[in-house]
Amino acid sequence: MTRLPKIMLEELERLNFSQSTTRAYIRTVEDFARYFHRPPDRLGPEHVREYQAQLFTKRKLAANTVIVRLAALRFFFVKTLRKPWSIADTPYPKKTLHLPLILLSQAEVAQLISAAETSFHRMLLMTAYATGLRRAELAQLKVTDIDSQRMVIHVKGGKGRKDRDVMLSPKLLEELRTYWRRMRRKPKVWLFPGNRWPIALS
């Protein structure tokens with residue numbers, strides 16, 4: 001092992017990086033040098049920018065993989081070469097976030113809703129499923145947001161602080177009306193008051 005990889009390896013081990021991260025960082029620096037056919041300590045920010053661009057354009061790597069490569073190069077320049085590193089000159093790309101794909105059958109959804117311990121929680125789950133509202137949006141629903149004339153639910157200050165309307169199905173409207181009738185104490189503002197004040201359901 002040559003001098004620079006040895007110094008980098010010692011730094012990675014001294015900072016207790018995992019073996020997989022250590023291997024990935026060492027391989028990245030080797031690949032970086034190989035791409036330009038020059039020792040890595042003779043390369044600079046302009047080379048990092050070109051290397052980063054080709055990771056996307058030529059190798060078609062995902063953003064999260066490129067972030068790891070940049071982290072490796074940053075470690076090499078800052079910890080091994082003791083050189084400055086400008087985030088402005090070598091910005092990290094935006095991460096790609098993938099939501100897990102969860103497909104439930106109608107029977108599984110019905111089973112999930114039926115498993116709710118109280119009518120209050122059952123109505124919350126049913127409304128969330130029927131409308132696709134987020135948890136915070138459900139919590140902020142007001143009684144006046146239910147528009148049975150237009151068959152929509154007004155969502156105020158949702159994602160991006162934007163207002164929008166979502167469809168109100170006849171089935172959900174019927175369930176909401178049943179939920180409302182069973183309340184011993186009718187809420188004046190919030191549809192699902194939660195801990196704002198207790199509501200007893202018969």
# chains A, B, ... in the order shown; residues from 1 in each chain; ligands from 1
>>> select_by_dssp(residues="range 48-165 of chain A", states="helix (DSSP H, G or I)", output="ChimeraX atom specification")
/A:48-57,63-80,106-114,119-131,135-139,143-145,159-161
>>> residues_around(residues="Tyr25 in chain A", least_positions_apart="6", cutoff="10 Å", atoms="only C-alpha atoms", output="list in words")
Pro5, Met8, Leu9, Leu12, Gln19, Asp31, Val68, Arg69, Leu70, Ala71, Ala72, Leu73, Arg74, Phe75 and Phe76 of chain A
>>> atom_distance(atom1="CA of Phe192 in chain A", atom2="CA of Glu174 in chain A")
16.3 Å
>>> residues_around(residues="Gln106 in chain A", least_positions_apart="5", cutoff="12 Å", atoms="only C-alpha atoms", output="compact mmCIF listing (two decimals) with C-alpha atoms, in the first residue's frame")
# COMPACT_ATOMS: atom_id res chain seq x y z
CA GLN A 111 -59.39 -5.60 9.05
CA LEU A 112 -57.01 -2.78 10.00
CA ILE A 113 -59.85 -0.29 10.49
CA TYR A 129 -57.72 5.84 4.05
CA ALA A 130 -60.64 7.34 2.13
>>> residues_around(residues="range 131-143 of chain A", least_positions_apart="2", cutoff="10 Å", atoms="only C-alpha atoms", output="VMD selection string")
chain A and resid 124 to 129 145 to 147 152 to 159 165 to 169 172 180 186 to 194
>>> closest_residue(among="A:Thr178, A:Ser86, A:Thr22, A:Thr96", to="Ile67 in chain A", atoms="only C-alpha atoms")
A:Thr96
>>> select_by_dssp(residues="chain A", states="strand (DSSP E or B)", output="compact mmCIF listing (two decimals) with N, CA and C atoms, in the first residue's frame")
# COMPACT_ATOMS: atom_id res chain seq x y z
N LYS A 142 -61.42 20.80 10.53
CA LYS A 142 -62.49 21.43 11.30
C LYS A 142 -63.84 20.90 10.84
N ILE A 146 -65.96 19.98 6.26
CA ILE A 146 -66.74 18.94 5.59
C ILE A 146 -67.85 19.60 4.79
N ASP A 147 -67.73 19.57 3.49
CA ASP A 147 -68.68 20.22 2.59
C ASP A 147 -69.53 19.15 1.91
N VAL A 152 -66.88 17.52 -0.92
CA VAL A 152 -65.43 17.66 -0.81
C VAL A 152 -65.08 17.96 0.65
N ILE A 153 -63.81 17.73 0.98
CA ILE A 153 -63.27 18.12 2.28
C ILE A 153 -62.21 19.18 2.01
N HIS A 154 -62.37 20.33 2.66
CA HIS A 154 -61.42 21.42 2.49
C HIS A 154 -60.21 21.18 3.39
N VAL A 155 -59.05 21.07 2.79
CA VAL A 155 -57.80 20.89 3.54
C VAL A 155 -57.05 22.21 3.50
N ARG A 164 -56.31 22.85 -0.38
CA ARG A 164 -56.80 22.03 -1.48
C ARG A 164 -58.10 21.35 -1.04
N ASP A 165 -58.82 20.83 -2.01
CA ASP A 165 -60.02 20.05 -1.74
C ASP A 165 -59.78 18.60 -2.12
N VAL A 166 -60.29 17.68 -1.30
CA VAL A 166 -60.24 16.26 -1.64
C VAL A 166 -61.67 15.73 -1.70
N MET A 167 -61.85 14.70 -2.49
CA MET A 167 -63.19 14.16 -2.68
C MET A 167 -63.73 13.53 -1.40
N MET A 183 -71.68 11.15 19.16
CA MET A 183 -70.94 11.97 20.11
C MET A 183 -71.87 12.54 21.18
N TRP A 190 -62.94 21.59 16.04
CA TRP A 190 -62.15 20.51 15.45
C TRP A 190 -62.98 19.26 15.23
N LEU A 201 -67.79 8.59 23.31
CA LEU A 201 -68.60 8.01 22.27
C LEU A 201 -69.34 6.81 22.84
>>> closest_residue(among="A:Arg3, A:Ala63, A:Leu104, A:Glu11", to="Arg82 in chain A", atoms="only C-alpha atoms")
A:Glu11
>>> closest_residue(among="A:Glu30, A:Glu117, A:Glu46, A:Asp41", to="Val78 in chain A", atoms="only C-alpha atoms")
A:Asp41
>>> decode(residues="range 13-165 of chain A", atoms="C-alpha atoms", output="PDB file, in the first residue's frame")
ATOM      1  CA  GLU A  13      -9.567   3.322  11.412  1.00  0.00           C
ATOM      2  CA  ARG A  14      -8.673   5.960  13.996  1.00  0.00           C
ATOM      3  CA  LEU A  15     -12.135   7.512  13.622  1.00  0.00           C
ATOM      4  CA  ASN A  16     -13.724   4.065  13.897  1.00  0.00           C
ATOM      5  CA  PHE A  17     -15.379   3.973  10.467  1.00  0.00           C
ATOM      6  CA  SER A  18     -16.976   0.659   9.591  1.00  0.00           C
ATOM      7  CA  GLN A  19     -15.085  -1.782   7.381  1.00  0.00           C
ATOM      8  CA  SER A  20     -17.600  -1.397   4.554  1.00  0.00           C
ATOM      9  CA  THR A  21     -17.324   2.405   4.627  1.00  0.00           C
ATOM     10  CA  THR A  22     -13.545   2.181   4.789  1.00  0.00           C
ATOM     11  CA  ARG A  23     -13.419  -0.057   1.733  1.00  0.00           C
ATOM     12  CA  ALA A  24     -15.850   2.179  -0.174  1.00  0.00           C
ATOM     13  CA  TYR A  25     -13.842   5.330   0.637  1.00  0.00           C
ATOM     14  CA  ILE A  26     -10.526   3.774  -0.405  1.00  0.00           C
ATOM     15  CA  ARG A  27     -12.018   2.458  -3.651  1.00  0.00           C
ATOM     16  CA  THR A  28     -13.503   5.872  -4.449  1.00  0.00           C
ATOM     17  CA  VAL A  29     -10.168   7.673  -4.124  1.00  0.00           C
ATOM     18  CA  GLU A  30      -8.486   5.022  -6.258  1.00  0.00           C
ATOM     19  CA  ASP A  31     -11.212   5.377  -8.898  1.00  0.00           C
ATOM     20  CA  PHE A  32     -10.933   9.181  -8.746  1.00  0.00           C
ATOM     21  CA  ALA A  33      -7.175   9.000  -9.451  1.00  0.00           C
ATOM     22  CA  ARG A  34      -7.630   6.376 -12.139  1.00  0.00           C
ATOM     23  CA  TYR A  35     -10.217   8.496 -13.955  1.00  0.00           C
ATOM     24  CA  PHE A  36      -7.728  11.373 -14.387  1.00  0.00           C
ATOM     25  CA  HIS A  37      -4.601   9.167 -14.652  1.00  0.00           C
ATOM     26  CA  ARG A  38      -2.955  11.259 -11.946  1.00  0.00           C
ATOM     27  CA  PRO A  39      -2.117  10.847  -8.242  1.00  0.00           C
ATOM     28  CA  PRO A  40      -5.082  12.022  -6.135  1.00  0.00           C
ATOM     29  CA  ASP A  41      -3.005  14.602  -4.231  1.00  0.00           C
ATOM     30  CA  ARG A  42      -2.386  16.389  -7.549  1.00  0.00           C
ATOM     31  CA  LEU A  43      -6.105  16.844  -8.176  1.00  0.00           C
ATOM     32  CA  GLY A  44      -8.334  19.646  -6.953  1.00  0.00           C
ATOM     33  CA  PRO A  45     -11.929  20.948  -6.748  1.00  0.00           C
ATOM     34  CA  GLU A  46     -12.267  21.334 -10.522  1.00  0.00           C
ATOM     35  CA  HIS A  47     -11.451  17.631 -10.898  1.00  0.00           C
ATOM     36  CA  VAL A  48     -13.971  16.726  -8.193  1.00  0.00           C
ATOM     37  CA  ARG A  49     -16.669  18.634 -10.079  1.00  0.00           C
ATOM     38  CA  GLU A  50     -15.854  16.865 -13.351  1.00  0.00           C
ATOM     39  CA  TYR A  51     -15.727  13.497 -11.603  1.00  0.00           C
ATOM     40  CA  GLN A  52     -19.079  14.126  -9.926  1.00  0.00           C
ATOM     41  CA  ALA A  53     -20.695  15.119 -13.224  1.00  0.00           C
ATOM     42  CA  GLN A  54     -19.550  11.983 -15.032  1.00  0.00           C
ATOM     43  CA  LEU A  55     -20.833   9.802 -12.201  1.00  0.00           C
ATOM     44  CA  PHE A  56     -24.280  11.026 -13.212  1.00  0.00           C
ATOM     45  CA  THR A  57     -23.947  11.457 -16.970  1.00  0.00           C
ATOM     46  CA  LYS A  58     -21.747   8.506 -17.941  1.00  0.00           C
ATOM     47  CA  ARG A  59     -22.105   5.976 -15.141  1.00  0.00           C
ATOM     48  CA  LYS A  60     -25.734   6.799 -14.394  1.00  0.00           C
ATOM     49  CA  LEU A  61     -25.252   6.377 -10.641  1.00  0.00           C
ATOM     50  CA  ALA A  62     -28.017   7.230  -8.207  1.00  0.00           C
ATOM     51  CA  ALA A  63     -27.804  10.462  -6.202  1.00  0.00           C
ATOM     52  CA  ASN A  64     -27.326   8.591  -2.924  1.00  0.00           C
ATOM     53  CA  THR A  65     -24.343   6.695  -4.370  1.00  0.00           C
ATOM     54  CA  VAL A  66     -22.776   9.921  -5.633  1.00  0.00           C
ATOM     55  CA  ILE A  67     -23.178  11.436  -2.169  1.00  0.00           C
ATOM     56  CA  VAL A  68     -21.125   8.581  -0.710  1.00  0.00           C
ATOM     57  CA  ARG A  69     -18.440   9.130  -3.360  1.00  0.00           C
ATOM     58  CA  LEU A  70     -18.272  12.841  -2.535  1.00  0.00           C
ATOM     59  CA  ALA A  71     -18.089  12.085   1.178  1.00  0.00           C
ATOM     60  CA  ALA A  72     -15.107   9.836   0.487  1.00  0.00           C
ATOM     61  CA  LEU A  73     -13.317  12.539  -1.501  1.00  0.00           C
ATOM     62  CA  ARG A  74     -14.091  15.114   1.160  1.00  0.00           C
ATOM     63  CA  PHE A  75     -12.589  12.826   3.789  1.00  0.00           C
ATOM     64  CA  PHE A  76      -9.496  12.334   1.628  1.00  0.00           C
ATOM     65  CA  PHE A  77      -8.906  16.053   1.061  1.00  0.00           C
ATOM     66  CA  VAL A  78      -9.726  17.216   4.588  1.00  0.00           C
ATOM     67  CA  LYS A  79      -8.416  14.359   6.774  1.00  0.00           C
ATOM     68  CA  THR A  80      -5.639  12.914   4.638  1.00  0.00           C
ATOM     69  CA  LEU A  81      -4.264  15.869   2.695  1.00  0.00           C
ATOM     70  CA  ARG A  82      -5.309  18.462   5.302  1.00  0.00           C
ATOM     71  CA  LYS A  83      -6.619  20.707   2.553  1.00  0.00           C
ATOM     72  CA  PRO A  84      -9.713  22.933   2.670  1.00  0.00           C
ATOM     73  CA  TRP A  85     -12.969  21.708   1.150  1.00  0.00           C
ATOM     74  CA  SER A  86     -15.635  24.069  -0.134  1.00  0.00           C
ATOM     75  CA  ILE A  87     -19.220  22.828   0.000  1.00  0.00           C
ATOM     76  CA  ALA A  88     -20.133  25.729  -2.306  1.00  0.00           C
ATOM     77  CA  ASP A  89     -17.731  24.443  -4.976  1.00  0.00           C
ATOM     78  CA  THR A  90     -18.697  20.797  -4.581  1.00  0.00           C
ATOM     79  CA  PRO A  91     -22.325  20.690  -3.422  1.00  0.00           C
ATOM     80  CA  TYR A  92     -23.935  17.390  -2.574  1.00  0.00           C
ATOM     81  CA  PRO A  93     -26.781  16.385  -4.906  1.00  0.00           C
ATOM     82  CA  LYS A  94     -30.287  16.076  -3.568  1.00  0.00           C
ATOM     83  CA  LYS A  95     -31.007  12.696  -2.089  1.00  0.00           C
ATOM     84  CA  THR A  96     -33.446  10.419  -3.827  1.00  0.00           C
ATOM     85  CA  LEU A  97     -36.074   9.237  -1.377  1.00  0.00           C
ATOM     86  CA  HIS A  98     -38.140   6.190  -2.193  1.00  0.00           C
ATOM     87  CA  LEU A  99     -41.226   5.385  -0.186  1.00  0.00           C
ATOM     88  CA  PRO A 100     -41.812   1.709   0.515  1.00  0.00           C
ATOM     89  CA  LEU A 101     -44.430   0.113  -1.707  1.00  0.00           C
ATOM     90  CA  ILE A 102     -47.175  -1.183   0.543  1.00  0.00           C
ATOM     91  CA  LEU A 103     -50.189  -2.712  -1.136  1.00  0.00           C
ATOM     92  CA  LEU A 104     -53.088  -3.748   1.063  1.00  0.00           C
ATOM     93  CA  SER A 105     -56.129  -5.576  -0.162  1.00  0.00           C
ATOM     94  CA  GLN A 106     -59.595  -4.233   0.650  1.00  0.00           C
ATOM     95  CA  ALA A 107     -59.996  -7.050   3.161  1.00  0.00           C
ATOM     96  CA  GLU A 108     -56.730  -6.111   4.888  1.00  0.00           C
ATOM     97  CA  VAL A 109     -57.730  -2.443   5.028  1.00  0.00           C
ATOM     98  CA  ALA A 110     -61.113  -3.376   6.495  1.00  0.00           C
ATOM     99  CA  GLN A 111     -59.391  -5.601   9.051  1.00  0.00           C
ATOM    100  CA  LEU A 112     -57.011  -2.781  10.000  1.00  0.00           C
ATOM    101  CA  ILE A 113     -59.852  -0.289  10.495  1.00  0.00           C
ATOM    102  CA  SER A 114     -61.951  -2.796  12.442  1.00  0.00           C
ATOM    103  CA  ALA A 115     -59.021  -3.406  14.796  1.00  0.00           C
ATOM    104  CA  ALA A 116     -59.225   0.174  16.116  1.00  0.00           C
ATOM    105  CA  GLU A 117     -59.919   0.164  19.855  1.00  0.00           C
ATOM    106  CA  THR A 118     -62.389   3.055  19.819  1.00  0.00           C
ATOM    107  CA  SER A 119     -64.890   4.552  17.396  1.00  0.00           C
ATOM    108  CA  PHE A 120     -62.780   7.726  17.433  1.00  0.00           C
ATOM    109  CA  HIS A 121     -59.686   5.903  16.193  1.00  0.00           C
ATOM    110  CA  ARG A 122     -61.725   3.897  13.722  1.00  0.00           C
ATOM    111  CA  MET A 123     -63.072   7.123  12.210  1.00  0.00           C
ATOM    112  CA  LEU A 124     -59.567   8.574  12.018  1.00  0.00           C
ATOM    113  CA  LEU A 125     -58.289   5.524  10.133  1.00  0.00           C
ATOM    114  CA  MET A 126     -61.277   5.463   7.827  1.00  0.00           C
ATOM    115  CA  THR A 127     -60.934   9.149   6.964  1.00  0.00           C
ATOM    116  CA  ALA A 128     -57.200   8.810   6.363  1.00  0.00           C
ATOM    117  CA  TYR A 129     -57.723   5.836   4.053  1.00  0.00           C
ATOM    118  CA  ALA A 130     -60.640   7.344   2.133  1.00  0.00           C
ATOM    119  CA  THR A 131     -59.015  10.757   1.571  1.00  0.00           C
ATOM    120  CA  GLY A 132     -55.253  10.143   1.616  1.00  0.00           C
ATOM    121  CA  LEU A 133     -54.803  12.942   4.135  1.00  0.00           C
ATOM    122  CA  ARG A 134     -51.601  13.170   6.142  1.00  0.00           C
ATOM    123  CA  ARG A 135     -51.632  12.819   9.906  1.00  0.00           C
ATOM    124  CA  ALA A 136     -51.129  16.556  10.493  1.00  0.00           C
ATOM    125  CA  GLU A 137     -53.886  17.380   8.010  1.00  0.00           C
ATOM    126  CA  LEU A 138     -56.299  15.051   9.805  1.00  0.00           C
ATOM    127  CA  ALA A 139     -55.488  16.675  13.131  1.00  0.00           C
ATOM    128  CA  GLN A 140     -56.260  20.124  11.711  1.00  0.00           C
ATOM    129  CA  LEU A 141     -59.620  19.253  10.127  1.00  0.00           C
ATOM    130  CA  LYS A 142     -62.487  21.430  11.302  1.00  0.00           C
ATOM    131  CA  VAL A 143     -66.156  20.581  11.355  1.00  0.00           C
ATOM    132  CA  THR A 144     -66.740  23.318   8.779  1.00  0.00           C
ATOM    133  CA  ASP A 145     -64.230  21.690   6.410  1.00  0.00           C
ATOM    134  CA  ILE A 146     -66.737  18.939   5.591  1.00  0.00           C
ATOM    135  CA  ASP A 147     -68.679  20.221   2.595  1.00  0.00           C
ATOM    136  CA  SER A 148     -71.548  17.795   1.988  1.00  0.00           C
ATOM    137  CA  GLN A 149     -73.080  20.048  -0.672  1.00  0.00           C
ATOM    138  CA  ARG A 150     -70.055  19.889  -2.965  1.00  0.00           C
ATOM    139  CA  MET A 151     -68.960  16.487  -1.586  1.00  0.00           C
ATOM    140  CA  VAL A 152     -65.434  17.660  -0.808  1.00  0.00           C
ATOM    141  CA  ILE A 153     -63.265  18.119   2.275  1.00  0.00           C
ATOM    142  CA  HIS A 154     -61.420  21.423   2.492  1.00  0.00           C
ATOM    143  CA  VAL A 155     -57.804  20.891   3.541  1.00  0.00           C
ATOM    144  CA  LYS A 156     -56.245  24.130   4.732  1.00  0.00           C
ATOM    145  CA  GLY A 157     -52.523  24.674   5.092  1.00  0.00           C
ATOM    146  CA  GLY A 158     -51.544  21.225   3.859  1.00  0.00           C
ATOM    147  CA  LYS A 159     -48.208  20.295   2.312  1.00  0.00           C
ATOM    148  CA  GLY A 160     -46.401  23.424   1.209  1.00  0.00           C
ATOM    149  CA  ARG A 161     -48.926  25.424   3.264  1.00  0.00           C
ATOM    150  CA  LYS A 162     -51.364  25.160   0.375  1.00  0.00           C
ATOM    151  CA  ASP A 163     -55.108  24.730   0.576  1.00  0.00           C
ATOM    152  CA  ARG A 164     -56.805  22.031  -1.480  1.00  0.00           C
ATOM    153  CA  ASP A 165     -60.024  20.051  -1.735  1.00  0.00           C
TER     154      ASP A 165
END
